[in-house]
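Participant: So here's data39.txt, just compact mmCIF, C-alpha atoms:
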```txt
# COMPACT_ATOMS: atom_id res chain seq x y z
CA MET A 1 52.43 32.36 -81.13
CA THR A 2 51.03 35.08 -78.81
CA LYS A 3 47.49 33.97 -79.64
CA LEU A 4 48.25 30.29 -79.18
CA LEU A 5 49.95 30.87 -75.83
CA SER A 6 47.04 32.97 -74.54
CA PRO A 7 44.51 31.36 -72.23
CA ALA A 8 41.34 30.02 -73.83
CA PRO A 9 38.62 32.70 -73.82
CA SER A 10 35.65 32.64 -71.47
CA SER A 11 36.81 29.54 -69.57
CA PRO A 12 35.99 29.17 -65.86
CA VAL A 13 38.75 29.70 -63.35
CA ARG A 14 39.90 26.45 -61.75
CA ALA A 15 42.64 25.55 -59.31
CA GLY A 16 45.97 25.44 -61.04
CA ARG A 17 44.81 27.57 -64.00
CA LEU A 18 45.86 31.11 -64.79
CA ARG A 19 43.32 33.74 -63.82
CA PRO A 20 42.12 36.36 -66.31
CA VAL A 21 43.46 39.89 -66.15
CA THR A 22 41.33 42.08 -63.87
CA ALA A 23 40.48 45.75 -64.20
CA HIS A 24 42.64 46.47 -61.17
CA ASN A 25 45.90 45.10 -62.52
CA ARG A 26 45.24 46.82 -65.86
CA ARG A 27 45.43 50.13 -64.02
CA THR A 28 48.75 49.43 -62.34
CA GLY A 29 51.99 50.80 -63.69
CA LEU A 30 53.47 47.33 -64.05
CA SER A 31 50.75 46.40 -66.52
CA ARG A 32 52.34 48.75 -69.05
CA LEU A 33 55.33 46.44 -69.14
CA ARG A 34 53.11 43.75 -70.64
CA LEU A 35 53.38 45.49 -73.99
CA LEU A 36 57.15 45.02 -73.95
CA ALA A 37 57.13 41.33 -73.00
CA TRP A 38 56.93 39.76 -76.45
CA PRO A 39 59.13 42.33 -78.25
CA ALA A 40 61.83 41.78 -75.60
CA TYR A 41 61.57 38.00 -75.88
CA LEU A 42 61.67 38.00 -79.68
CA THR A 43 64.61 40.41 -79.72
CA ALA A 44 66.57 38.13 -77.39
CA PHE A 45 65.65 35.10 -79.49
CA VAL A 46 66.77 36.73 -82.75
CA TRP A 47 70.01 37.80 -81.10
CA PHE A 48 70.61 34.22 -79.93
CA LEU A 49 70.03 32.82 -83.42
CA SER A 50 72.31 35.40 -85.03
CA THR A 51 75.19 34.81 -82.59
CA GLN A 52 74.84 31.16 -81.60
CA GLY A 53 73.01 29.64 -84.54
CA MET A 54 70.16 27.17 -84.29
CA ALA A 55 69.79 25.27 -81.02
CA PHE A 56 69.52 21.50 -81.46
CA ALA A 57 69.97 20.47 -77.82
CA ASN A 58 66.70 19.66 -76.06
CA ASP A 59 67.65 21.57 -72.92
CA VAL A 60 68.27 24.78 -74.89
CA VAL A 61 64.99 24.38 -76.77
CA PHE A 62 63.19 23.86 -73.48
CA LEU A 63 64.74 26.96 -71.93
CA TRP A 64 63.44 29.10 -74.77
CA LEU A 65 60.06 27.41 -74.56
CA ILE A 66 59.78 28.10 -70.82
CA GLY A 67 60.86 31.66 -71.58
CA ALA A 68 57.97 31.94 -74.05
CA LEU A 69 55.49 30.67 -71.46
CA LEU A 70 56.82 33.11 -68.85
CA THR A 71 56.60 35.89 -71.42
CA ALA A 72 52.98 34.91 -72.11
CA ALA A 73 52.29 35.10 -68.37
CA VAL A 74 53.74 38.62 -68.23
CA HIS A 75 51.88 39.68 -71.36
CA SER A 76 48.59 38.37 -69.92
CA GLY A 77 49.16 40.21 -66.64
CA HIS A 78 49.04 37.15 -64.42
CA GLY A 79 51.95 38.20 -62.26
CA PRO A 80 53.87 35.96 -59.85
CA ARG A 81 51.17 33.28 -59.84
CA GLY A 82 51.60 32.79 -63.58
CA PHE A 83 55.37 32.44 -63.13
CA LEU A 84 54.92 29.84 -60.39
CA LEU A 85 52.50 27.78 -62.49
CA VAL A 86 54.91 27.73 -65.44
CA LEU A 87 57.84 26.70 -63.25
CA ARG A 88 55.78 24.12 -61.34
CA ASP A 89 54.59 22.32 -64.48
CA TRP A 90 57.56 22.74 -66.80
CA VAL A 91 60.77 22.53 -64.78
CA PRO A 92 60.15 18.83 -63.96
CA VAL A 93 59.43 18.16 -67.63
CA MET A 94 62.63 19.89 -68.64
CA ALA A 95 64.57 17.90 -66.03
CA VAL A 96 63.29 14.59 -67.42
CA VAL A 97 64.14 15.58 -71.00
CA TRP A 98 67.62 16.73 -69.97
CA VAL A 99 68.26 13.44 -68.14
CA TYR A 100 67.21 11.52 -71.25
CA SER A 101 69.50 13.63 -73.43
CA LEU A 102 72.42 12.92 -71.11
CA LEU A 103 71.67 9.19 -70.96
CA ARG A 104 71.33 9.08 -74.73
CA GLY A 105 74.89 10.32 -75.06
CA TYR A 106 76.15 7.68 -72.64
CA GLY A 107 74.20 5.07 -74.59
CA ALA A 108 76.64 5.48 -77.45
CA HIS A 109 79.23 3.43 -75.51
CA THR A 110 77.62 0.01 -75.19
CA PRO A 111 79.92 -3.02 -74.75
CA TRP A 112 78.57 -4.73 -77.89
CA ALA A 113 79.12 -3.74 -81.49
CA PRO A 114 76.43 -1.78 -83.38
CA HIS A 115 74.25 -3.66 -85.86
CA TRP A 116 73.92 -2.69 -89.50
CA LEU A 117 73.74 -5.78 -91.71
CA PRO A 118 70.11 -6.80 -90.93
CA GLN A 119 68.84 -3.28 -91.66
CA LEU A 120 70.91 -3.07 -94.83
CA ARG A 121 69.65 -6.42 -96.14
CA ALA A 122 66.04 -5.52 -95.37
CA ASP A 123 66.39 -2.21 -97.22
CA GLU A 124 67.97 -3.94 -100.19
CA VAL A 125 64.95 -6.24 -100.35
CA LEU A 126 62.60 -3.25 -100.19
CA GLY A 127 64.67 -1.51 -102.87
CA LEU A 128 64.85 -4.56 -105.14
CA GLY A 129 68.60 -4.96 -104.77
CA GLU A 130 69.63 -1.38 -103.94
CA THR A 131 68.75 0.78 -100.95
CA TRP A 132 66.36 3.64 -101.61
CA THR A 133 68.78 6.04 -99.93
CA VAL A 134 71.44 5.37 -102.57
CA ARG A 135 68.90 5.49 -105.38
CA ILE A 136 67.24 8.75 -104.30
CA GLN A 137 70.48 10.59 -103.51
CA HIS A 138 71.95 9.68 -106.88
CA ALA A 139 68.81 10.98 -108.57
CA LEU A 140 68.16 14.17 -106.59
CA TYR A 141 71.15 15.41 -104.61
CA THR A 142 73.83 17.80 -105.90
CA PRO A 143 76.64 18.22 -103.33
CA GLY A 144 77.38 21.86 -102.57
CA SER A 145 74.33 23.15 -104.48
CA PRO A 146 71.18 22.56 -102.41
CA HIS A 147 67.86 22.52 -104.24
CA TRP A 148 64.56 23.83 -102.87
CA TYR A 149 63.60 20.36 -101.74
CA ASP A 150 66.85 20.06 -99.77
CA TYR A 151 65.82 23.13 -97.77
CA ALA A 152 62.32 21.69 -97.37
CA ALA A 153 63.78 18.40 -96.13
CA THR A 154 65.98 20.32 -93.68
CA ALA A 155 62.94 22.16 -92.30
CA VAL A 156 61.06 18.88 -91.88
CA TYR A 157 64.03 17.26 -90.15
CA LEU A 158 64.56 20.16 -87.73
CA SER A 159 60.85 20.22 -86.86
CA HIS A 160 61.61 17.10 -84.80
CA PHE A 161 63.25 19.33 -82.19
CA LEU A 162 60.34 21.77 -81.97
CA VAL A 163 56.92 20.42 -82.92
CA VAL A 164 56.17 18.24 -79.91
CA PHE A 165 57.46 20.84 -77.44
CA VAL A 166 55.51 23.71 -79.01
CA LEU A 167 52.38 21.58 -79.16
CA LEU A 168 52.82 20.69 -75.49
CA ALA A 169 53.04 24.39 -74.65
CA VAL A 170 49.86 25.20 -76.58
CA LEU A 171 47.96 22.31 -75.00
CA TRP A 172 49.20 23.28 -71.54
CA ARG A 173 47.50 26.65 -71.93
CA ARG A 174 44.36 25.48 -73.72
CA ALA A 175 43.65 21.77 -73.13
CA ARG A 176 45.28 20.28 -70.04
CA HIS A 177 43.77 16.82 -70.63
CA HIS A 178 45.40 16.52 -74.05
CA PHE A 179 48.62 18.00 -72.61
CA ARG A 180 48.85 15.17 -70.08
CA ARG A 181 48.09 12.52 -72.69
CA LEU A 182 50.69 13.84 -75.11
CA LEU A 183 53.31 14.17 -72.37
CA ALA A 184 52.72 10.58 -71.21
CA CYS A 185 53.03 9.27 -74.77
CA TYR A 186 56.14 11.37 -75.43
CA PHE A 187 57.97 10.20 -72.30
CA THR A 188 56.99 6.55 -72.75
CA LEU A 189 57.99 6.52 -76.42
CA THR A 190 61.26 8.34 -75.77
CA PHE A 191 62.46 6.01 -73.02
CA ALA A 192 61.28 2.92 -74.92
CA GLY A 193 63.51 4.08 -77.76
CA PHE A 194 66.39 4.68 -75.36
CA ALA A 195 66.08 1.16 -73.93
CA THR A 196 66.26 -0.23 -77.46
CA TYR A 197 69.35 1.84 -78.23
CA LEU A 198 71.09 0.20 -75.29
CA LEU A 199 70.05 -3.32 -76.27
CA TYR A 200 70.35 -2.95 -80.03
CA PRO A 201 72.75 -0.18 -81.08
CA ALA A 202 72.36 0.34 -84.81
CA ASP A 203 74.33 2.26 -87.42
CA PRO A 204 72.50 4.71 -89.71
CA PRO A 205 73.07 4.55 -93.50
CA TRP A 206 75.58 7.42 -93.58
CA LEU A 207 77.78 5.63 -91.04
CA VAL A 208 77.47 2.32 -92.87
CA ALA A 209 78.63 4.15 -96.02
CA GLN A 210 81.61 5.66 -94.17
CA GLN A 211 82.61 2.12 -93.18
CA GLY A 212 82.62 1.08 -96.84
CA ASN A 213 79.52 -1.13 -96.73
CA LEU A 214 77.42 1.17 -98.92
CA PRO A 215 78.27 3.47 -101.83
CA PRO A 216 79.27 7.01 -100.75
CA LEU A 217 76.37 8.87 -99.16
CA HIS A 218 75.78 12.45 -98.04
CA ARG A 219 74.10 13.69 -94.87
CA VAL A 220 71.87 15.97 -96.87
CA VAL A 221 70.34 17.85 -93.96
CA TRP A 222 73.61 18.66 -92.25
CA GLU A 223 75.36 19.61 -95.48
CA THR A 224 72.45 21.89 -96.36
CA ILE A 225 72.61 23.51 -92.92
CA SER A 226 76.35 24.07 -93.33
CA THR A 227 75.79 25.94 -96.59
CA MET A 228 73.47 28.29 -94.70
CA GLY A 229 76.36 29.47 -92.50
CA LEU A 230 74.82 28.64 -89.13
CA PRO A 231 77.69 28.51 -86.57
CA GLN A 232 75.99 26.11 -84.15
CA ALA A 233 75.20 23.68 -86.96
CA ASP A 234 78.82 23.68 -88.13
CA SER A 235 80.02 23.05 -84.57
CA LEU A 236 77.73 20.07 -84.12
CA LEU A 237 78.63 18.64 -87.50
CA GLU A 238 82.38 18.93 -87.03
CA ASN A 239 82.85 18.33 -83.31
CA GLY A 240 79.75 16.43 -82.28
CA SER A 241 77.68 16.97 -79.17
CA GLN A 242 77.87 15.54 -75.66
CA PHE A 243 74.29 14.35 -76.20
CA ALA A 244 74.95 12.75 -79.59
CA ASN A 245 74.57 9.04 -80.19
CA ASP A 246 75.45 8.03 -83.73
CA VAL A 247 74.25 4.45 -83.19
CA ALA A 248 70.74 5.38 -81.98
CA ALA A 249 69.05 4.52 -85.26
CA MET A 250 66.67 1.68 -84.32
CA PRO A 251 63.89 2.72 -83.84
CA SER A 252 63.81 6.12 -85.50
CA LEU A 253 62.33 8.58 -83.02
CA HIS A 254 62.34 11.16 -85.80
CA SER A 255 59.69 9.02 -87.48
CA ALA A 256 58.05 7.86 -84.24
CA TYR A 257 57.02 11.31 -82.98
CA PRO A 258 55.04 12.32 -86.10
CA ALA A 259 53.34 8.89 -86.05
CA MET A 260 52.56 9.42 -82.36
CA LEU A 261 50.79 12.69 -83.20
CA LEU A 262 48.86 10.94 -85.97
CA PHE A 263 47.61 8.11 -83.76
CA LEU A 264 46.95 10.37 -80.78
CA PHE A 265 44.99 13.19 -82.43
CA TRP A 266 43.31 11.38 -85.33
CA PRO A 267 40.08 10.68 -83.39
CA ILE A 268 39.53 14.38 -82.58
CA ALA A 269 40.92 15.98 -85.75
CA GLY A 270 38.94 17.48 -88.62
CA PRO A 271 39.59 16.70 -92.31
CA ARG A 272 42.28 19.37 -92.81
CA LEU A 273 44.15 18.47 -89.66
CA ARG A 274 43.95 14.79 -90.54
CA ALA A 275 45.56 15.51 -93.90
CA LEU A 276 48.41 17.28 -92.09
CA LEU A 277 48.72 14.47 -89.57
CA VAL A 278 49.19 11.99 -92.44
CA ALA A 279 51.49 14.23 -94.50
CA TYR A 280 53.90 14.93 -91.65
CA PRO A 281 55.04 11.31 -90.99
CA LEU A 282 55.36 10.68 -94.74
CA ALA A 283 57.42 13.84 -95.26
CA MET A 284 59.65 12.93 -92.33
CA ALA A 285 60.09 9.37 -93.63
CA PHE A 286 61.19 10.65 -97.05
CA THR A 287 63.57 13.14 -95.42
CA LEU A 288 65.20 10.46 -93.27
CA VAL A 289 65.70 8.05 -96.17
CA TYR A 290 66.84 10.73 -98.62
CA GLY A 291 69.18 12.28 -96.04
CA ALA A 292 70.81 8.91 -95.14
CA GLU A 293 69.78 9.33 -91.50
CA HIS A 294 67.77 6.09 -91.22
CA PHE A 295 67.05 2.85 -93.02
CA ILE A 296 63.44 2.22 -94.00
CA VAL A 297 63.14 -0.53 -91.39
CA ASP A 298 64.21 1.99 -88.71
CA ILE A 299 61.24 4.10 -89.75
CA PHE A 300 58.85 1.14 -89.72
CA ALA A 301 60.09 0.33 -86.22
CA GLY A 302 59.46 3.93 -85.12
CA TRP A 303 55.90 3.79 -86.42
CA THR A 304 55.35 0.49 -84.63
CA TYR A 305 56.67 1.84 -81.33
CA ALA A 306 54.40 4.88 -81.66
CA ALA A 307 51.34 2.70 -82.30
CA VAL A 308 52.09 0.42 -79.35
CA VAL A 309 52.62 3.36 -76.98
CA VAL A 310 49.58 5.42 -78.01
CA PHE A 311 47.10 2.56 -78.21
CA GLY A 312 48.59 0.84 -75.18
CA LEU A 313 48.28 3.95 -72.98
CA ARG A 314 44.79 4.59 -74.36
CA TRP A 315 43.78 1.04 -73.42
CA LEU A 316 45.19 1.45 -69.92
CA GLY A 317 43.38 4.76 -69.54
CA ASN A 318 40.07 3.30 -70.65
CA ARG A 319 40.54 0.35 -68.31
CA ARG A 320 41.27 2.65 -65.38
CA THR A 321 38.18 4.73 -66.20
CA ALA A 322 36.02 1.61 -66.39
CA ARG A 323 37.27 0.48 -62.98
CA SER A 324 36.53 3.90 -61.47
CA VAL A 325 32.99 3.81 -62.87
CA ALA A 326 32.50 0.27 -61.55
CA ARG A 327 33.67 1.29 -58.05
CA ALA A 328 31.36 4.31 -58.12
CA ASP A 329 28.43 2.10 -59.11
CA LEU A 330 29.19 -0.31 -56.24
CA ALA A 331 29.46 2.53 -53.76
CA ALA A 332 26.09 3.88 -54.91
```
Could I get this file's structure written as structure tokens?
Facilitator:
Amino acid sequence: MTKLLSPAPSSPVRAGRLRPVTAHNRRTGLSRLRLLAWPAYLTAFVWFLSTQGMAFANDVVFLWLIGALLTAAVHSGHGPRGFLLVLRDWVPVMAVVWVYSLLRGYGAHTPWAPHWLPQLRADEVLGLGETWTVRIQHALYTPGSPHWYDYAATAVYLSHFLVVFVLLAVLWRRARHHFRRLLACYFTLTFAGFATYLLYPADPPWLVAQQGNLPPLHRVVWETISTMGLPQADSLLENGSQFANDVAAMPSLHSAYPAMLLFLFWPIAGPRLRALLVAYPLAMAFTLVYGAEHFIVDIFAGWTYAAVVVFGLRWLGNRRTARSVARADLAA
């Protein structure tokens, strides 16, 4: 992480970018504190995990992410200017994400009843009479005794709360153009999903099963987390969260974000990265179906939303660039 959050080597200094460490500030006494920056941050983070458990709320994740960026600024010796750049660029982003999280919780109380029958019927067609969630859980899941693939599925599921944010942090330090593109896609996709949750609240498979419209199902990821003894996970599972929305299933943003990364970075990725970009959405899709978190059609909807957002914003960007070039040609 230290390497990824370091500035790109031998890049020219530009307005708004962190400046390289100079010989002068290396000689100051404060520069010795740089060596303690990452050990202090990691110690605090380990303490938080051991006492509070894993953080699933976006605002908590963002606080730790901003802390990592500030730590990188201290470690690199950039001083107050590095702090100001981090706060300038990231506090507004955190504010937008926090507002969405709050609105998402309020979105659970729409005046119309959640939908479940169309998704269920579509999944039964895809499963030739039985949903794939029921079929896979009956074949693979053992309640109370997680297998290795249950832990793997849990890791894939939880990556939803981290991958985009960490990637944004890396791109912020190393490729501002891609940072802005990813941030625009992330915000547009997130609020498009929220608008759909308001207009079309939808029950996930585990809730449909609780209502007696499917055979008994298990929330594999949450049950696996509970067996690991994480206090925060148990609290969320038993008492819920103020940001939770159990009827925010259509589209699946868990599936939409990996697809967004695939569509966004495919043109610039090499063969190995392309393989990862394809594997991640497929692994997430299996996890969501196996864990009873989403119907297959929820996942298809998430992929569709991601494609529309990425290619739509790319088209708008190309159109804006073409207009700028045309105006420059006319002016010349």
Participant: Rounded to one decimal place, report the CA of Val86 in chain A-CA of Leu63 in chain A distance in Å.
Facilitator: 11.8 Å
Participant: Out of A:Trp47, A:Tyr186, A:Tyr100, A:Trp132, which residue has the shortest atom-to-atom distance to Val289 in chain A when counting only C-alpha atoms?
Facilitator: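 For Val289 in chain A, the nearest of the candidates is A:Trp132.
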Participant: One decimal, in Å: what's the spacing between CA of Leu288 in chain A and CA of Trp116 in chain A?
Facilitator: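 Result for CA of Leu288 in chain A versus CA of Trp116 in chain A: 16.2 Å, one decimal.
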Participant: May I ask for the distance between CA of Val308 in chain A and CA of Glu124 in chain A, given in Å to one decimal place?
Facilitator: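 If I compute the distance from CA of Val308 in chain A to CA of Glu124 in chain A, I get 26.6 Å.
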Participant: Quick one: residues within 9 Å of Ala192 in chain A, all atoms listed in the file, excluding same-chain residues fewer than 4 positions away - as JSON, numbers by chain?
Facilitator: {"A": [187, 188, 196, 197, 305, 309]}
Participant: Let me see the file: selected residues, C-alpha atoms, as a PDB file, in the frame of the given file.
Facilitator:
```pdb
ATOM      1  CA  PHE A 187      57.970  10.200 -72.300  1.00  0.00           C
ATOM      2  CA  THR A 188      56.990   6.550 -72.750  1.00  0.00           C
ATOM      3  CA  THR A 196      66.260  -0.230 -77.460  1.00  0.00           C
ATOM      4  CA  TYR A 197      69.350   1.840 -78.230  1.00  0.00           C
ATOM      5  CA  TYR A 305      56.670   1.840 -81.330  1.00  0.00           C
ATOM      6  CA  VAL A 309      52.620   3.360 -76.980  1.00  0.00           C
TER       7      VAL A 309
END
```
Participant: Let me make sure I understand: among A:Ala95, A:Ala195, A:Ala72, A:Ala248, which one has the smallest atom-to-atom distance to Arg173 in chain A if we use all atoms listed in the file?
Facilitator: A:Ala72
Participant: Between A:Ile225, A:Leu182, A:Val247, A:Leu102, which one has atoms that come closest to Val166 in chain A, using all atoms listed in the file?
Facilitator: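 Ranked by minimum distance to Val166 in chain A, first place goes to A:Leu182.
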Participant: Could you give me, as a PyMOL selection string, the residues within 10 Å of range 210-224 of chain A, counting all atoms listed in the file and dropping anything in the same chain fewer than 6 positions from it?
Facilitator: chain A and resi 116-117+120+130-131+133-134+137-138+141-147+150-158+233-234+236-237+287-288+290-293
Participant: Which one is closest to Phe161 in chain A: A:Phe300, A:Phe311, A:Phe62, A:Tyr280? Count only C-alpha atoms.
Facilitator: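 The shortest atom-to-atom distance to Phe161 in chain A comes from A:Phe62.
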Participant: Counting all atoms listed in the file, which of A:Leu262, A:Gln119, A:Ala279, A:Pro271 gets nearest to His294 in chain A?
Facilitator: A:Gln119
Participant: Could you check the closest approach to Leu168 in chain A for each of A:Leu140, A:Val46, A:Val93, A:Leu273 and tell me which residue wins, using all atoms listed in the file?
Facilitator: A:Val93
Participant: List the neighbours of Ala113 in chain A out to 10 Å using all atoms listed in the file; skip same-chain residues closer than 5 positions along the sequence, and give me the result as a list in words.
Facilitator: Tyr200, Pro201, Ala202, Asp203 and Val247 of chain A
Participant: Would you pull range 244-262 of chain A out of the block just shown and save N, CA, C and O atoms as a tab-separated table (two decimals), in the first residue's frame?
Facilitator:
```
chain	number	residue	atom	x	y	z
A	244	ALA	N	-28.96	0.75	6.24
A	244	ALA	CA	-29.37	-0.48	5.55
A	244	ALA	C	-30.68	-0.26	4.80
A	244	ALA	O	-31.54	0.52	5.20
A	245	ASN	N	-30.79	-0.97	3.69
A	245	ASN	CA	-32.02	-0.96	2.91
A	245	ASN	C	-32.20	-2.36	2.35
A	245	ASN	O	-31.58	-2.74	1.35
A	246	ASP	N	-33.03	-3.15	3.01
A	246	ASP	CA	-33.18	-4.55	2.63
A	246	ASP	C	-33.88	-4.73	1.29
A	246	ASP	O	-33.84	-5.82	0.71
A	247	VAL	N	-34.54	-3.68	0.79
A	247	VAL	CA	-35.27	-3.82	-0.47
A	247	VAL	C	-34.57	-3.07	-1.60
A	247	VAL	O	-35.19	-2.65	-2.58
A	248	ALA	N	-33.25	-2.90	-1.47
A	248	ALA	CA	-32.44	-2.27	-2.52
A	248	ALA	C	-31.72	-3.36	-3.30
A	248	ALA	O	-30.49	-3.44	-3.30
A	249	ALA	N	-32.49	-4.19	-3.98
A	249	ALA	CA	-31.91	-5.34	-4.67
A	249	ALA	C	-31.84	-5.17	-6.18
A	249	ALA	O	-31.07	-5.87	-6.84
A	250	MET	N	-32.63	-4.26	-6.74
A	250	MET	CA	-32.71	-4.11	-8.20
A	250	MET	C	-32.38	-2.66	-8.58
A	250	MET	O	-33.11	-1.76	-8.23
A	251	PRO	N	-31.22	-2.40	-9.22
A	251	PRO	CA	-30.20	-3.35	-9.67
A	251	PRO	C	-29.23	-3.68	-8.54
A	251	PRO	O	-29.20	-2.99	-7.51
A	252	SER	N	-28.42	-4.69	-8.75
A	252	SER	CA	-27.40	-5.06	-7.79
A	252	SER	C	-26.16	-4.20	-8.01
A	252	SER	O	-25.45	-4.36	-9.00
A	253	LEU	N	-25.90	-3.28	-7.08
A	253	LEU	CA	-24.68	-2.49	-7.18
A	253	LEU	C	-23.45	-3.32	-6.84
A	253	LEU	O	-22.35	-2.99	-7.27
A	254	HIS	N	-23.64	-4.38	-6.08
A	254	HIS	CA	-22.53	-5.30	-5.84
A	254	HIS	C	-22.01	-5.87	-7.17
A	254	HIS	O	-20.80	-6.08	-7.32
A	255	SER	N	-22.90	-6.15	-8.09
A	255	SER	CA	-22.48	-6.65	-9.39
A	255	SER	C	-22.14	-5.52	-10.35
A	255	SER	O	-21.33	-5.69	-11.27
A	256	ALA	N	-22.75	-4.34	-10.16
A	256	ALA	CA	-22.54	-3.23	-11.08
A	256	ALA	C	-21.13	-2.66	-10.98
A	256	ALA	O	-20.52	-2.33	-12.01
A	257	TYR	N	-20.59	-2.54	-9.77
A	257	TYR	CA	-19.26	-1.93	-9.64
A	257	TYR	C	-18.16	-2.76	-10.31
A	257	TYR	O	-17.31	-2.20	-11.01
A	258	PRO	N	-18.10	-4.08	-10.10
A	258	PRO	CA	-17.09	-4.85	-10.85
A	258	PRO	C	-17.25	-4.74	-12.36
A	258	PRO	O	-16.26	-4.67	-13.09
A	259	ALA	N	-18.50	-4.73	-12.85
A	259	ALA	CA	-18.73	-4.56	-14.29
A	259	ALA	C	-18.28	-3.17	-14.73
A	259	ALA	O	-17.73	-3.01	-15.84
A	260	MET	N	-18.49	-2.16	-13.91
A	260	MET	CA	-18.02	-0.82	-14.22
A	260	MET	C	-16.50	-0.80	-14.41
A	260	MET	O	-16.00	-0.20	-15.37
A	261	LEU	N	-15.78	-1.46	-13.52
A	261	LEU	CA	-14.32	-1.52	-13.65
A	261	LEU	C	-13.91	-2.24	-14.93
A	261	LEU	O	-12.96	-1.84	-15.61
A	262	LEU	N	-14.64	-3.30	-15.27
A	262	LEU	CA	-14.36	-4.04	-16.50
A	262	LEU	C	-14.52	-3.14	-17.73
A	262	LEU	O	-13.62	-3.05	-18.57
```
